[in-house]
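Let me begin by presenting the structure, written as structure tokens, before commenting on it.
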Amino acid sequence: MTSPPAGRDNAVEDDAAESESTPEAPVRKRPKPGERRVQILQTLAAMLEEPGADRITTAALAAMLEEPGADRITTAALAAKLQVSEAALYRHFASKAQMFEGLIEFIEQSVFTVINQVTEREADPAQRARRIVFMLLQFGEKNPGMARVMVGDALVFENERLSARMNQFFDKIESQLRQTLRTAAENAGSQTPTVDANGRASALTALAVGRLQRYTRSGFKRSPTEQIEMALGLLT
């Protein structure tokens, strides 16, 4: 998983205090600001790729952070004790919902950055729409944990605002496709370009969501991009 955007690290002072109280301990490299937040999000995303990860508790996340070799994602004090408590997570995030919001922010920034690039570089509007959908599916395939967030499977037991935000994400995708396909319809001489664009944008968005759902519910075995060119050709 590409590193999510970093936030403010609230635990730097804890590291300093631990270092002063145990001068005999080997000097550990102090993490950069925001590094632990990123590592917590990476761990959460990795957990979402595991079978049966329908509900991730903070206790389960904390336990995973205690595994051998995972000391790099703890504060220096907790790593020295080989433990991470739930309280340690809340030094960086006020709630588990905020952790999921961090993942959603990463999804939004990653996807819409690429959409902007596609819009700038691809002159053919029909091809632009196909590339947007393909890119979206490819992003989910490369980031399975993120795909579960995108289709809402990972958010079933979480705060409702998280599902609402992901719904807004796909609304924005559909809006982008609608604009692109209206231009394509006009270029093709359609007498009803708006109607055509609305219908195709809706169908493409449904295709993307359906492919991602099938991918996650198959245990990441059914690729969302299999035979996608044929499907996109029929809808654009």
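How things are named: the first chain in the structure tokens is A, the next is B, and so on; residues count from 1 in each chain; ligands count from 1 in the order shown.
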
Non-local contacts of Thr180 in chain A (10 Å; only C-alpha atoms; under 4 positions in same chain excluded) as a list in words: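 Once the adjacent positions are removed, what remains is Thr119, Asp124, Pro125, Ala126, Gln127, Arg128, Ala129, Glu174, Ser175, Gln176, Ala184, Ala185, Ala197 and Ala201 of chain A.
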
Would you save the residues from that selection as an mmCIF file, in the first residue's frame, using C-alpha atoms?
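Saved as selection20.cif:
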data_model
loop_
_atom_site.group_PDB
_atom_site.id
_atom_site.type_symbol
_atom_site.label_atom_id
_atom_site.label_comp_id
_atom_site.auth_asym_id
_atom_site.auth_seq_id
_atom_site.Cartn_x
_atom_site.Cartn_y
_atom_site.Cartn_z
ATOM 1 C CA THR A 119 -8.428 14.414 -17.910
ATOM 2 C CA ASP A 124 -10.700 11.478 -26.623
ATOM 3 C CA PRO A 125 -13.595 11.752 -24.109
ATOM 4 C CA ALA A 126 -14.797 8.165 -24.605
ATOM 5 C CA GLN A 127 -11.308 6.809 -24.046
ATOM 6 C CA ARG A 128 -10.957 9.151 -21.057
ATOM 7 C CA ALA A 129 -14.044 7.636 -19.432
ATOM 8 C CA GLU A 174 -20.120 9.444 -11.627
ATOM 9 C CA SER A 175 -20.231 13.228 -12.022
ATOM 10 C CA GLN A 176 -16.801 13.198 -13.653
ATOM 11 C CA ALA A 184 -18.377 12.192 -26.213
ATOM 12 C CA ALA A 185 -22.095 12.109 -27.035
ATOM 13 C CA ALA A 197 -24.227 10.719 -20.693
ATOM 14 C CA ALA A 201 -22.144 7.319 -16.398
#

One decimal, Å: what's the distance from CA of Gln98 in chain A over to CA of Ala206 in chain A, could you say?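 CA of Gln98 in chain A sits 27.5 Å away from CA of Ala206 in chain A.
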
Given only C-alpha atoms as the basis, pick out the residue of A:Phe220, A:Lys172, A:Arg37, A:Arg148 nearest to Tyr90 in chain A.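 For Tyr90 in chain A, the nearest of the given residues is A:Arg37.
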
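For the atom pair formed by CA of Met146 in chain A and CA of Phe106 in chain A, the distance is 9.1 Å, given to one decimal.
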
Those of range 75-223 of chain A in DSSP alpha helix (DSSP H), formatted as an MDAnalysis selection string: chainID A and resid 76:81 86:89 96:121 125:142 144:150 160:187 193:217

Would you mind listing what lies within 12 Å of Leu234 in chain A as an NGL selection string, with only C-alpha atoms counted and same-chain residues fewer than 4 positions away left out? :A and (126 or 130 or 200 or 203-204 or 207 or 227-230)

Go ahead and save the residues from that selection, with C-alpha atoms, as a PDB file, in the first residue's frame.
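The resulting out.pdb:
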ATOM      1  CA  ALA A 126     -14.797   8.165 -24.605  1.00  0.00           C
ATOM      2  CA  ARG A 130     -12.751   4.113 -20.017  1.00  0.00           C
ATOM      3  CA  ARG A 200     -23.781   5.629 -19.384  1.00  0.00           C
ATOM      4  CA  ALA A 203     -23.918   2.218 -15.737  1.00  0.00           C
ATOM      5  CA  LEU A 204     -20.136   2.654 -15.598  1.00  0.00           C
ATOM      6  CA  LEU A 207     -19.984  -1.594 -13.106  1.00  0.00           C
ATOM      7  CA  GLN A 227     -12.268  -8.716 -19.479  1.00  0.00           C
ATOM      8  CA  ILE A 228     -12.890  -5.101 -18.536  1.00  0.00           C
ATOM      9  CA  GLU A 229     -12.067  -3.727 -21.976  1.00  0.00           C
ATOM     10  CA  MET A 230     -15.026  -5.575 -23.499  1.00  0.00           C
TER      11      MET A 230
END

Calculated over only C-alpha atoms, which of the candidates A:Ala123, A:Leu177, A:Ala87, A:Val118 has the smallest distance to Thr194 in chain A?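 Selected residue with least distance to Thr194 in chain A: A:Leu177.
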
Neighbours of Glu49 in chain A within 12 Å (only C-alpha atoms; same-chain residues fewer than 3 positions away dropped), as a ChimeraX atom specification? /A:1,42-46,52-56,140-149,153-154,215-221

How about saving the chosen residues, N, CA, C and O atoms kept, as a short mmCIF file (atom, residue, chain, number, x, y, z; two decimals), in the first residue's frame?
data_model
loop_
_atom_site.label_atom_id
_atom_site.label_comp_id
_atom_site.auth_asym_id
_atom_site.auth_seq_id
_atom_site.Cartn_x
_atom_site.Cartn_y
_atom_site.Cartn_z
N MET A 1 0.84 -1.20 0.00
CA MET A 1 0.00 0.00 0.00
C MET A 1 0.86 1.23 0.00
O MET A 1 1.82 1.34 0.75
N GLN A 42 -1.37 1.98 7.66
CA GLN A 42 -0.90 0.86 6.83
C GLN A 42 -1.27 -0.48 7.47
O GLN A 42 -1.67 -1.41 6.78
N THR A 43 -1.15 -0.55 8.79
CA THR A 43 -1.49 -1.78 9.50
C THR A 43 -2.99 -2.05 9.41
O THR A 43 -3.41 -3.19 9.20
N LEU A 44 -3.78 -1.02 9.56
CA LEU A 44 -5.23 -1.18 9.46
C LEU A 44 -5.61 -1.68 8.07
O LEU A 44 -6.43 -2.59 7.92
N ALA A 45 -5.01 -1.09 7.04
CA ALA A 45 -5.30 -1.52 5.67
C ALA A 45 -4.89 -2.97 5.46
O ALA A 45 -5.60 -3.75 4.81
N ALA A 46 -3.75 -3.37 6.03
CA ALA A 46 -3.29 -4.75 5.90
C ALA A 46 -4.24 -5.70 6.60
O ALA A 46 -4.53 -6.80 6.09
N GLY A 52 -12.12 -12.85 6.96
CA GLY A 52 -12.92 -12.68 8.16
C GLY A 52 -12.73 -11.34 8.84
O GLY A 52 -13.11 -11.18 10.00
N ALA A 53 -12.19 -10.37 8.12
CA ALA A 53 -11.94 -9.07 8.73
C ALA A 53 -13.16 -8.17 8.58
O ALA A 53 -13.06 -7.03 8.14
N ASP A 54 -14.33 -8.66 8.94
CA ASP A 54 -15.55 -7.89 8.79
C ASP A 54 -15.61 -6.74 9.80
O ASP A 54 -16.23 -5.72 9.55
N ARG A 55 -14.97 -6.96 10.96
CA ARG A 55 -14.97 -5.89 11.94
C ARG A 55 -13.62 -5.83 12.62
O ARG A 55 -13.17 -6.80 13.23
N ILE A 56 -12.96 -4.70 12.52
CA ILE A 56 -11.65 -4.52 13.12
C ILE A 56 -11.82 -3.72 14.41
O ILE A 56 -12.30 -2.58 14.38
N GLY A 140 -8.18 -0.42 -6.74
CA GLY A 140 -8.75 -1.35 -5.78
C GLY A 140 -8.04 -2.69 -5.79
O GLY A 140 -7.83 -3.30 -4.74
N GLU A 141 -7.67 -3.16 -6.99
CA GLU A 141 -6.99 -4.45 -7.10
C GLU A 141 -5.62 -4.42 -6.43
O GLU A 141 -5.20 -5.40 -5.79
N LYS A 142 -4.91 -3.32 -6.56
CA LYS A 142 -3.59 -3.21 -5.97
C LYS A 142 -3.63 -2.92 -4.47
O LYS A 142 -2.63 -3.10 -3.78
N ASN A 143 -4.78 -2.47 -3.98
CA ASN A 143 -4.94 -2.14 -2.56
C ASN A 143 -6.19 -2.84 -2.02
O ASN A 143 -7.22 -2.21 -1.80
N PRO A 144 -6.11 -4.16 -1.81
CA PRO A 144 -7.29 -4.93 -1.41
C PRO A 144 -7.99 -4.40 -0.17
O PRO A 144 -9.22 -4.35 -0.11
N GLY A 145 -7.20 -3.99 0.84
CA GLY A 145 -7.81 -3.45 2.05
C GLY A 145 -8.60 -2.19 1.77
O GLY A 145 -9.70 -1.98 2.31
N MET A 146 -8.07 -1.36 0.88
CA MET A 146 -8.77 -0.14 0.49
C MET A 146 -10.05 -0.47 -0.28
O MET A 146 -11.06 0.23 -0.15
N ALA A 147 -10.00 -1.53 -1.08
CA ALA A 147 -11.18 -1.93 -1.85
C ALA A 147 -12.34 -2.25 -0.91
O ALA A 147 -13.50 -1.94 -1.19
N ARG A 148 -12.05 -2.88 0.24
CA ARG A 148 -13.10 -3.21 1.20
C ARG A 148 -13.71 -1.95 1.81
O ARG A 148 -14.89 -1.92 2.15
N VAL A 149 -12.89 -0.93 1.95
CA VAL A 149 -13.41 0.36 2.43
C VAL A 149 -14.26 1.00 1.34
O VAL A 149 -15.35 1.52 1.60
N ASP A 153 -17.75 -2.74 2.74
CA ASP A 153 -17.72 -3.96 3.54
C ASP A 153 -17.05 -3.74 4.89
O ASP A 153 -17.46 -4.28 5.91
N ALA A 154 -16.00 -2.93 4.88
CA ALA A 154 -15.24 -2.68 6.11
C ALA A 154 -15.91 -1.64 7.00
O ALA A 154 -15.44 -1.39 8.11
N TYR A 215 -14.74 -8.59 -6.25
CA TYR A 215 -13.33 -8.81 -5.90
C TYR A 215 -13.16 -9.04 -4.40
O TYR A 215 -12.51 -10.01 -3.98
N THR A 216 -13.77 -8.20 -3.59
CA THR A 216 -13.61 -8.34 -2.14
C THR A 216 -14.33 -9.57 -1.61
O THR A 216 -13.82 -10.28 -0.73
N ARG A 217 -15.52 -9.86 -2.14
CA ARG A 217 -16.31 -10.97 -1.61
C ARG A 217 -15.86 -12.34 -2.13
O ARG A 217 -16.31 -13.37 -1.65
N SER A 218 -14.96 -12.32 -3.11
CA SER A 218 -14.36 -13.57 -3.57
C SER A 218 -13.06 -13.84 -2.83
O SER A 218 -12.33 -14.78 -3.20
N GLY A 219 -12.78 -13.05 -1.81
CA GLY A 219 -11.51 -13.20 -1.10
C GLY A 219 -10.35 -12.70 -1.93
O GLY A 219 -9.24 -13.21 -1.83
N PHE A 220 -10.63 -11.72 -2.80
CA PHE A 220 -9.63 -11.10 -3.67
C PHE A 220 -9.12 -12.06 -4.75
O PHE A 220 -8.00 -11.92 -5.23
N LYS A 221 -9.95 -13.01 -5.12
CA LYS A 221 -9.57 -13.98 -6.15
C LYS A 221 -10.05 -13.57 -7.54
O LYS A 221 -9.40 -13.89 -8.53
#

Counting only C-alpha atoms, closest pick from A:Phe157, A:Ser223, A:Ile115, A:Gly34 relative to Gly210 in chain A is A:Ser223

Skip Ala164 in chain A itself and residues of its chain fewer than 4 positions away, then list as a VMD selection string all residues within 12 Å of it, counting only C-alpha atoms. chain A and resid 101 104 149 to 152 155 to 156 158 to 160 168 to 171

Export, as a JSON list (two decimals), in the first residue's frame, the selected residues with N, CA and C atoms.
[["chain", "number", "residue", "atom", "x", "y", "z"],
["A", 101, "GLU", "N", -11.20, 7.30, 8.41],
["A", 101, "GLU", "CA", -11.21, 8.55, 7.65],
["A", 101, "GLU", "C", -9.85, 8.80, 7.02],
["A", 104, "ILE", "N", -9.82, 6.74, 3.94],
["A", 104, "ILE", "CA", -10.69, 7.32, 2.92],
["A", 104, "ILE", "C", -10.02, 8.54, 2.28],
["A", 149, "VAL", "N", -12.89, -0.93, 1.95],
["A", 149, "VAL", "CA", -13.41, 0.36, 2.43],
["A", 149, "VAL", "C", -14.26, 1.00, 1.34],
["A", 150, "MET", "N", -13.79, 0.96, 0.11],
["A", 150, "MET", "CA", -14.49, 1.60, -1.01],
["A", 150, "MET", "C", -15.90, 1.07, -1.20],
["A", 151, "VAL", "N", -16.08, -0.26, -1.09],
["A", 151, "VAL", "CA", -17.40, -0.84, -1.31],
["A", 151, "VAL", "C", -18.22, -0.91, -0.03],
["A", 152, "GLY", "N", -17.64, -0.49, 1.08],
["A", 152, "GLY", "CA", -18.39, -0.41, 2.33],
["A", 152, "GLY", "C", -18.37, -1.64, 3.19],
["A", 155, "LEU", "N", -16.98, -1.02, 6.52],
["A", 155, "LEU", "CA", -17.59, 0.09, 7.26],
["A", 155, "LEU", "C", -18.95, -0.27, 7.84],
["A", 156, "VAL", "N", -19.35, -1.54, 7.70],
["A", 156, "VAL", "CA", -20.70, -1.95, 8.12],
["A", 156, "VAL", "C", -20.97, -1.62, 9.58],
["A", 158, "GLU", "N", -19.23, 0.52, 11.44],
["A", 158, "GLU", "CA", -18.58, 1.77, 11.82],
["A", 158, "GLU", "C", -19.56, 2.94, 11.74],
["A", 159, "ASN", "N", -19.04, 4.12, 12.04],
["A", 159, "ASN", "CA", -19.85, 5.33, 12.03],
["A", 159, "ASN", "C", -20.48, 5.55, 10.65],
["A", 160, "GLU", "N", -21.76, 5.92, 10.64],
["A", 160, "GLU", "CA", -22.49, 6.07, 9.37],
["A", 160, "GLU", "C", -21.88, 7.13, 8.46],
["A", 168, "GLN", "N", -20.36, 9.56, -1.35],
["A", 168, "GLN", "CA", -20.03, 10.82, -2.01],
["A", 168, "GLN", "C", -18.86, 10.66, -2.97],
["A", 169, "PHE", "N", -17.93, 9.80, -2.60],
["A", 169, "PHE", "CA", -16.78, 9.52, -3.46],
["A", 169, "PHE", "C", -17.25, 9.00, -4.81],
["A", 170, "PHE", "N", -18.14, 8.01, -4.78],
["A", 170, "PHE", "CA", -18.63, 7.44, -6.05],
["A", 170, "PHE", "C", -19.56, 8.41, -6.78],
["A", 171, "ASP", "N", -20.24, 9.27, -6.05],
["A", 171, "ASP", "CA", -21.05, 10.32, -6.70],
["A", 171, "ASP", "C", -20.15, 11.24, -7.51]]
